[in-house]
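Engineer: Structure file my_file20.tsv (TSV, C-alpha atoms) is given on the next line.
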chain	number	residue	atom	x	y	z
Y	1311	MET	CA	0.00	0.00	0.00
Y	1312	SER	CA	1.17	3.50	-0.80
Y	1313	VAL	CA	2.53	5.90	1.78
Y	1314	VAL	CA	0.20	8.82	2.63
Y	1315	LYS	CA	2.23	11.63	4.13
Y	1316	VAL	CA	0.39	14.65	5.55
Y	1317	MET	CA	2.85	17.53	5.95
Y	1318	ASP	CA	3.03	18.91	9.47
Y	1319	HIS	CA	5.63	21.63	8.86
Y	1320	PRO	CA	4.54	24.88	10.57
Y	1321	LEU	CA	5.28	27.04	7.51
Y	1322	ILE	CA	3.17	24.81	5.26
Y	1323	GLN	CA	0.28	24.87	7.71
Y	1324	HIS	CA	0.52	28.66	8.14
Y	1325	LYS	CA	0.46	29.29	4.38
Y	1326	ILE	CA	-2.45	26.89	3.86
Y	1327	GLY	CA	-4.35	28.95	6.42
Y	1328	ILE	CA	-3.78	32.02	4.25
Y	1329	ILE	CA	-5.00	30.45	0.98
Y	1330	ARG	CA	-8.18	29.18	2.66
Y	1331	ARG	CA	-9.32	32.73	3.40
Y	1332	THR	CA	-11.96	34.24	1.13
Y	1333	GLU	CA	-10.25	37.64	1.21
Y	1334	THR	CA	-6.92	36.32	-0.16
Y	1335	GLY	CA	-6.69	37.71	-3.72
Y	1336	SER	CA	-5.28	36.01	-6.81
Y	1337	LYS	CA	-1.80	37.55	-6.57
Y	1338	ASP	CA	-1.25	36.45	-2.97
Y	1339	PHE	CA	-3.00	33.13	-3.61
Y	1340	ARG	CA	-0.62	32.33	-6.52
Y	1341	GLN	CA	2.39	33.30	-4.44
Y	1342	MET	CA	1.30	31.11	-1.51
Y	1343	ILE	CA	0.53	28.12	-3.76
Y	1344	SER	CA	4.04	28.39	-5.21
Y	1345	GLU	CA	5.66	28.69	-1.76
Y	1346	ILE	CA	3.67	25.76	-0.37
Y	1347	ALA	CA	4.67	23.61	-3.36
Y	1348	MET	CA	8.33	24.49	-2.77
Y	1349	LEU	CA	8.15	23.54	0.90
Y	1350	MET	CA	6.24	20.34	0.13
Y	1351	CYS	CA	8.76	19.41	-2.57
Y	1352	TYR	CA	11.53	19.74	0.00
Y	1353	GLU	CA	9.70	17.23	2.23
Y	1354	ALA	CA	8.55	14.90	-0.58
Y	1355	THR	CA	12.08	14.44	-1.95
Y	1356	ARG	CA	13.43	13.35	1.42
Y	1357	GLU	CA	13.63	9.70	0.33
Y	1358	LEU	CA	15.67	10.30	-2.85
Y	1359	LYS	CA	18.73	8.04	-2.98
Y	1360	LEU	CA	22.25	9.42	-2.66
Y	1361	GLU	CA	25.64	8.14	-3.79
Y	1362	ASP	CA	29.22	8.99	-2.91
Y	1363	VAL	CA	31.39	10.83	-5.42
Y	1364	GLU	CA	34.96	12.08	-5.12
Y	1365	ILE	CA	35.56	15.78	-5.85
Y	1366	GLU	CA	38.29	18.34	-5.49
Y	1367	THR	CA	37.74	21.26	-3.12
Y	1368	PRO	CA	40.10	24.29	-3.18
Y	1369	ILE	CA	41.93	22.54	-0.33
Y	1370	CYS	CA	41.99	18.83	-1.14
Y	1371	LYS	CA	40.14	15.83	-2.53
Y	1372	THR	CA	37.11	14.62	-0.58
Y	1373	THR	CA	34.01	12.47	-0.89
Y	1374	VAL	CA	30.61	14.16	-1.07
Y	1375	LYS	CA	27.01	13.09	-1.69
Y	1376	GLN	CA	25.06	13.55	-4.91
Y	1377	LEU	CA	21.64	12.38	-6.07
Y	1378	GLN	CA	21.77	8.86	-7.41
Y	1379	GLY	CA	20.12	7.40	-10.45
Y	1380	LYS	CA	16.86	8.65	-11.92
Y	1381	LYS	CA	16.34	12.28	-12.85
Y	1382	LEU	CA	13.14	14.08	-11.88
Y	1383	ALA	CA	10.08	15.36	-13.72
Y	1384	VAL	CA	7.14	17.49	-12.57
Y	1385	VAL	CA	3.80	16.86	-14.28
Y	1386	PRO	CA	1.00	19.30	-13.36
Y	1387	ILE	CA	-2.63	18.42	-14.06
Y	1388	LEU	CA	-3.99	21.40	-16.01
Y	1389	ARG	CA	-4.87	23.96	-15.18
Y	1390	ALA	CA	-4.59	24.42	-11.42
Y	1391	GLY	CA	-1.49	22.21	-11.19
Y	1392	LEU	CA	0.45	24.89	-13.09
Y	1393	GLY	CA	0.40	26.98	-9.93
Y	1394	MET	CA	2.68	24.47	-8.18
Y	1395	VAL	CA	5.35	24.10	-10.88
Y	1396	GLU	CA	7.46	27.22	-10.26
Y	1397	GLY	CA	7.80	26.49	-6.55
Y	1398	MET	CA	8.95	22.94	-7.24
Y	1399	LEU	CA	11.46	24.07	-9.87
Y	1400	ASN	CA	12.96	26.43	-7.28
Y	1401	ILE	CA	13.99	23.30	-5.37
Y	1402	ILE	CA	14.73	20.98	-8.32
Y	1403	PRO	CA	15.65	23.33	-11.20
Y	1404	ALA	CA	17.02	20.51	-13.39
Y	1405	ALA	CA	13.66	18.71	-13.42
Y	1406	LYS	CA	11.79	18.51	-16.72
Y	1407	VAL	CA	8.12	19.48	-16.92
Y	1408	GLY	CA	5.28	17.60	-18.61
Y	1409	HIS	CA	1.60	18.58	-18.81
Y	1410	ILE	CA	-1.62	16.59	-18.61
Y	1411	GLY	CA	-4.98	18.16	-19.47
Y	1412	LEU	CA	-8.26	16.53	-18.43
Y	1413	TYR	CA	-11.88	17.61	-18.41
Y	1414	ARG	CA	-14.91	15.92	-16.90
Y	1415	ASP	CA	-17.49	14.54	-19.33
Y	1416	PRO	CA	-20.78	16.20	-18.29
Y	1417	GLU	CA	-22.78	13.00	-18.88
Y	1418	THR	CA	-20.52	10.24	-17.57
Y	1419	LEU	CA	-18.58	12.52	-15.16
Y	1420	ASN	CA	-15.46	10.57	-16.16
Y	1421	PRO	CA	-12.18	12.42	-16.87
Y	1422	VAL	CA	-11.36	12.80	-20.58
Y	1423	GLU	CA	-7.84	13.57	-21.83
Y	1424	TYR	CA	-7.50	16.65	-24.04
Y	1425	PHE	CA	-3.74	17.24	-23.76
Y	1426	CYS	CA	-0.67	15.25	-22.82
Y	1427	LYS	CA	2.90	16.33	-23.46
Y	1428	LEU	CA	5.70	14.61	-21.54
Y	1429	PRO	CA	9.51	14.69	-21.60
Y	1430	ALA	CA	10.81	12.15	-24.13
Y	1431	ASP	CA	12.61	10.23	-21.37
Y	1432	CYS	CA	9.77	10.49	-18.85
Y	1433	SER	CA	9.69	6.71	-18.32
Y	1434	GLU	CA	13.25	6.90	-16.97
Y	1435	ARG	CA	12.46	9.68	-14.48
Y	1436	GLU	CA	11.08	9.96	-10.97
Y	1437	VAL	CA	7.79	11.75	-11.70
Y	1438	TYR	CA	5.85	14.03	-9.36
Y	1439	VAL	CA	2.25	14.58	-10.48
Y	1440	VAL	CA	0.90	17.79	-8.92
Y	1441	ASP	CA	-2.56	19.29	-8.43
Y	1442	PRO	CA	-3.55	21.62	-5.57
Y	1443	MET	CA	-6.75	19.68	-4.80
Y	1444	LEU	CA	-7.48	15.95	-4.44
Y	1445	ALA	CA	-11.30	15.85	-4.28
Y	1446	THR	CA	-13.00	12.79	-5.81
Y	1447	GLY	CA	-9.67	11.49	-7.10
Y	1448	GLY	CA	-11.03	11.14	-10.65
Y	1449	SER	CA	-8.55	13.45	-12.39
Y	1450	ALA	CA	-5.54	12.31	-10.35
Y	1451	THR	CA	-6.16	8.59	-10.90
Y	1452	ALA	CA	-6.80	9.18	-14.63
Y	1453	ALA	CA	-3.61	11.25	-15.04
Y	1454	ILE	CA	-1.51	8.61	-13.28
Y	1455	GLN	CA	-3.07	5.87	-15.42
Y	1456	MET	CA	-2.10	7.83	-18.53
Y	1457	LEU	CA	1.50	8.01	-17.28
Y	1458	LYS	CA	1.59	4.29	-16.55
Y	1459	GLU	CA	0.29	3.53	-20.05
Y	1460	LYS	CA	3.22	5.55	-21.42
Y	1461	GLY	CA	5.70	3.44	-19.48
Y	1462	VAL	CA	6.23	5.66	-16.42
Y	1463	ARG	CA	6.67	3.58	-13.27
Y	1464	ASN	CA	8.19	5.81	-10.60
Y	1465	ILE	CA	5.26	8.09	-9.79
Y	1466	HIS	CA	4.43	10.24	-6.75
Y	1467	PHE	CA	1.37	12.45	-6.27
Y	1468	MET	CA	1.46	15.78	-4.47
Y	1469	CYS	CA	-1.52	17.96	-3.53
Y	1470	ILE	CA	-2.07	20.82	-1.10
Y	1471	ILE	CA	-5.53	19.85	0.18
Y	1472	ALA	CA	-7.13	16.39	0.02
Y	1473	ALA	CA	-10.51	14.90	0.91
Y	1474	PRO	CA	-10.67	11.42	2.49
Y	1475	GLU	CA	-12.71	10.23	-0.53
Y	1476	GLY	CA	-9.92	11.20	-2.94
Y	1477	ILE	CA	-7.23	9.56	-0.82
Y	1478	ALA	CA	-9.25	6.33	-0.69
Y	1479	LYS	CA	-9.79	6.36	-4.47
Y	1480	MET	CA	-6.07	6.90	-5.10
Y	1481	GLN	CA	-5.09	4.05	-2.80
Y	1482	GLU	CA	-7.65	1.76	-4.39
Y	1483	VAL	CA	-6.67	2.49	-8.01
Y	1484	HIS	CA	-2.94	3.16	-7.60
Y	1485	PRO	CA	-1.71	1.44	-4.41
Y	1486	ASP	CA	1.89	1.81	-5.65
Y	1487	VAL	CA	1.84	5.65	-5.76
Y	1488	ASP	CA	2.89	7.59	-2.65
Y	1489	ILE	CA	0.71	10.59	-1.81
Y	1490	TYR	CA	2.02	13.83	-0.27
Y	1491	ILE	CA	-0.64	16.11	1.22
Y	1492	GLY	CA	-0.50	19.59	2.75
Y	1493	ALA	CA	-3.76	19.21	4.70
Y	1494	LYS	CA	-6.34	16.44	4.97
Y	1495	ASP	CA	-9.83	17.96	5.09
Y	1496	GLU	CA	-13.17	16.63	6.34
Y	1497	HIS	CA	-15.26	15.49	3.35
Y	1498	LEU	CA	-16.75	16.41	-0.04
Y	1499	ASN	CA	-20.03	18.34	-0.27
Y	1500	ASP	CA	-22.88	17.55	-2.67
Y	1501	HIS	CA	-21.15	19.50	-5.45
Y	1502	GLY	CA	-17.86	17.63	-5.09
Y	1503	TYR	CA	-16.04	20.50	-3.35
Y	1504	ILE	CA	-13.69	19.81	-0.46
Y	1505	VAL	CA	-14.95	20.99	2.96
Y	1506	PRO	CA	-13.66	23.30	4.42
Y	1507	GLY	CA	-11.33	23.53	1.41
Y	1508	LEU	CA	-10.61	26.81	-0.37
Y	1509	GLY	CA	-13.04	26.89	-3.28
Y	1510	ASP	CA	-11.93	26.34	-6.89
Y	1511	ALA	CA	-8.12	26.43	-6.92
Y	1512	GLY	CA	-7.91	27.13	-10.68
Y	1513	ASP	CA	-10.28	30.10	-10.49
Y	1514	ARG	CA	-8.42	31.53	-7.52
Y	1515	ILE	CA	-4.97	31.10	-9.09
Y	1516	PHE	CA	-5.95	32.66	-12.42
Y	1517	GLY	CA	-8.59	35.12	-11.24
Y	1518	THR	CA	-11.40	33.51	-13.27
Y	1519	LYS	CA	-14.94	32.63	-12.27
Kindly return the structure encoded in the file as structure tokens.
Structural biologist:
Amino acid sequence: MSVVKVMDHPLIQHKIGIIRRTETGSKDFRQMISEIAMLMCYEATRELKLEDVEIETPICKTTVKQLQGKKLAVVPILRAGLGMVEGMLNIIPAAKVGHIGLYRDPETLNPVEYFCKLPADCSEREVYVVDPMLATGGSATAAIQMLKEKGVRNIHFMCIIAAPEGIAKMQEVHPDVDIYIGAKDEHLNDHGYIVPGLGDAGDRIFGTK
């Protein structure tokens, strides 16, 4: 079963408190989303493997640590996931970025792919799929399935706020994918919004209604 890690860092919790507020405008909301993603990325990459390598300092030769093996990729789910990319690249600037676009079919309510562009070597990378909200889990599970069908195996999912229903769906469909969460909320309402949540993350990031 996947690891579900809820971040307890005080700075993450403080900034999540700011983005929940109705009066927080788009500019500050975008900035906070980016900062939260950066802090969460720092925590979520804690388990990356290291290897020893010999280098030359100005004084002498010595052995230091460097990241081992697979390179990284960040794949936001459009459009709200875009808000998390810059913060993550501040921590892992060498990571490549892919994009997955999904919309919900109004009749079946199932996610439908409308865009997918990934790094050519994505299957060889450690991939972090990002979306601020994990509500029903429909988009997240569909996006991860798309990655798996393209040969990607090392996948992690990162969101800022999650509902228990979405976490359960992720664990049921993708038990091999670790989930990193900023805050675990109470439940979904009748419209599929997370309670207490923060409203529609995409609208608040981009200032749309």
Engineer: For Y:Ile1489, find every residue with an atom within 8 Å (counting all atoms listed in the file), except residues of its own chain fewer than 6 positions away, and show them as a list in words.
Structural biologist: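 Here the answer would be Ser1312, Val1313, Val1314, Lys1315, His1466, Phe1467, Met1468 and Cys1469 of chain Y.
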Engineer: Which residue gives the smallest distance to Y:Met1443 among Y:Glu1482, Y:Asp1415, Y:Glu1345, Y:Glu1475, with all atoms listed in the file counted?
Structural biologist: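 Among the listed residues, Y:Glu1475 lies closest to Y:Met1443.
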Engineer: For Y:Val1462, please output as a list in words all residues within 6 Å (counting only C-alpha atoms; exclusion window: fewer than 3 positions along the same chain).
Structural biologist: Ser1433, Leu1457 and Lys1458 of chain Y
Engineer: Just checking: using only C-alpha atoms, which residue out of Y:Thr1372, Y:Thr1418, Y:Ser1336, Y:Gln1378 ends up closest to Y:Arg1435?
Structural biologist: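 Distance minimum relative to Y:Arg1435 lands on Y:Gln1378.
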Engineer: Could you give me, as a PyMOL selection string, the residues that sit within 10 Å of (12.1, 18.8, -11.7) in the file's coordinates, counting only C-alpha atoms?
Structural biologist: chain Y and resi 1351+1381-1385+1395-1396+1398-1408+1435-1438
Engineer: Which distance in Å separates atom CA of Y:Pro1386 and atom CA of Y:Leu1444, to one decimal?
Structural biologist: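 That distance, rounded to one decimal, is 12.8 Å.
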Engineer: Rank Y:Met1311, Y:Ala1347, Y:Glu1357, Y:Ile1504 by their smallest atom-to-atom distance to Y:Ile1326, using only C-alpha atoms, and report the top residue only.
Structural biologist: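 Nearest candidate to Y:Ile1326 out of Y:Met1311, Y:Ala1347, Y:Glu1357, Y:Ile1504: Y:Ala1347.
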Engineer: Output stretch 1372-1383 of chain Y with all heavy atoms present, as a short mmCIF file (atom, residue, chain, number, x, y, z; two decimals), keeping the file's coordinate frame.
Structural biologist:
data_model
loop_
_atom_site.label_atom_id
_atom_site.label_comp_id
_atom_site.auth_asym_id
_atom_site.auth_seq_id
_atom_site.Cartn_x
_atom_site.Cartn_y
_atom_site.Cartn_z
N THR Y 1372 37.99 15.13 -1.63
CA THR Y 1372 37.11 14.62 -0.58
C THR Y 1372 35.94 13.90 -1.22
O THR Y 1372 35.74 13.98 -2.44
CB THR Y 1372 36.60 15.76 0.33
OG1 THR Y 1372 35.93 15.20 1.45
CG2 THR Y 1372 35.61 16.67 -0.41
N THR Y 1373 35.19 13.19 -0.40
CA THR Y 1373 34.01 12.47 -0.89
C THR Y 1373 32.75 13.21 -0.44
O THR Y 1373 32.62 13.55 0.74
CB THR Y 1373 33.99 11.03 -0.35
OG1 THR Y 1373 35.18 10.36 -0.80
CG2 THR Y 1373 32.77 10.27 -0.86
N VAL Y 1374 31.86 13.46 -1.38
CA VAL Y 1374 30.61 14.16 -1.07
C VAL Y 1374 29.43 13.33 -1.58
O VAL Y 1374 29.62 12.32 -2.26
CB VAL Y 1374 30.57 15.57 -1.70
CG1 VAL Y 1374 31.67 16.45 -1.15
CG2 VAL Y 1374 30.64 15.49 -3.22
N LYS Y 1375 28.23 13.77 -1.25
CA LYS Y 1375 27.01 13.09 -1.69
C LYS Y 1375 26.44 13.77 -2.92
O LYS Y 1375 26.49 15.00 -3.05
CB LYS Y 1375 25.96 13.12 -0.57
CG LYS Y 1375 26.41 12.50 0.75
CD LYS Y 1375 26.48 11.00 0.66
CE LYS Y 1375 26.80 10.38 2.02
NZ LYS Y 1375 27.00 8.92 1.92
N GLN Y 1376 25.84 12.99 -3.82
CA GLN Y 1376 25.06 13.55 -4.91
C GLN Y 1376 23.86 12.63 -5.16
O GLN Y 1376 23.88 11.46 -4.76
CB GLN Y 1376 25.89 13.70 -6.18
CG GLN Y 1376 26.26 12.40 -6.86
CD GLN Y 1376 27.02 12.63 -8.17
OE1 GLN Y 1376 27.55 13.70 -8.43
NE2 GLN Y 1376 27.08 11.60 -9.00
N LEU Y 1377 22.82 13.18 -5.79
CA LEU Y 1377 21.64 12.38 -6.07
C LEU Y 1377 22.00 11.23 -7.00
O LEU Y 1377 22.75 11.39 -7.96
CB LEU Y 1377 20.55 13.24 -6.72
CG LEU Y 1377 19.88 14.26 -5.80
CD1 LEU Y 1377 18.93 15.14 -6.61
CD2 LEU Y 1377 19.14 13.59 -4.67
N GLN Y 1378 21.44 10.07 -6.68
CA GLN Y 1378 21.77 8.86 -7.41
C GLN Y 1378 20.67 8.50 -8.41
O GLN Y 1378 19.48 8.66 -8.12
CB GLN Y 1378 21.92 7.70 -6.41
CG GLN Y 1378 22.19 6.35 -7.02
CD GLN Y 1378 22.05 5.24 -6.00
OE1 GLN Y 1378 21.01 5.10 -5.39
NE2 GLN Y 1378 23.10 4.47 -5.80
N GLY Y 1379 21.07 8.04 -9.56
CA GLY Y 1379 20.12 7.40 -10.45
C GLY Y 1379 19.18 8.34 -11.17
O GLY Y 1379 19.59 9.32 -11.77
N LYS Y 1380 17.88 8.03 -11.06
CA LYS Y 1380 16.86 8.65 -11.92
C LYS Y 1380 16.79 10.17 -11.75
O LYS Y 1380 16.85 10.69 -10.65
CB LYS Y 1380 15.49 8.04 -11.63
CG LYS Y 1380 15.40 6.57 -11.99
CD LYS Y 1380 14.03 6.04 -11.71
CE LYS Y 1380 13.93 4.58 -12.09
NZ LYS Y 1380 14.84 3.72 -11.33
N LYS Y 1381 16.60 10.85 -12.88
CA LYS Y 1381 16.34 12.28 -12.85
C LYS Y 1381 14.86 12.50 -12.56
O LYS Y 1381 14.07 11.57 -12.54
CB LYS Y 1381 16.75 12.89 -14.19
CG LYS Y 1381 18.25 12.79 -14.46
CD LYS Y 1381 18.62 13.36 -15.80
CE LYS Y 1381 20.12 13.25 -16.04
NZ LYS Y 1381 20.51 13.78 -17.37
N LEU Y 1382 14.50 13.75 -12.34
CA LEU Y 1382 13.14 14.08 -11.88
C LEU Y 1382 12.33 14.76 -12.98
O LEU Y 1382 12.87 15.38 -13.89
CB LEU Y 1382 13.21 14.99 -10.65
CG LEU Y 1382 14.05 14.48 -9.48
CD1 LEU Y 1382 14.04 15.49 -8.35
CD2 LEU Y 1382 13.55 13.14 -8.98
N ALA Y 1383 11.00 14.63 -12.85
CA ALA Y 1383 10.08 15.36 -13.72
C ALA Y 1383 8.88 15.80 -12.88
O ALA Y 1383 8.47 15.10 -11.96
CB ALA Y 1383 9.61 14.50 -14.89
#
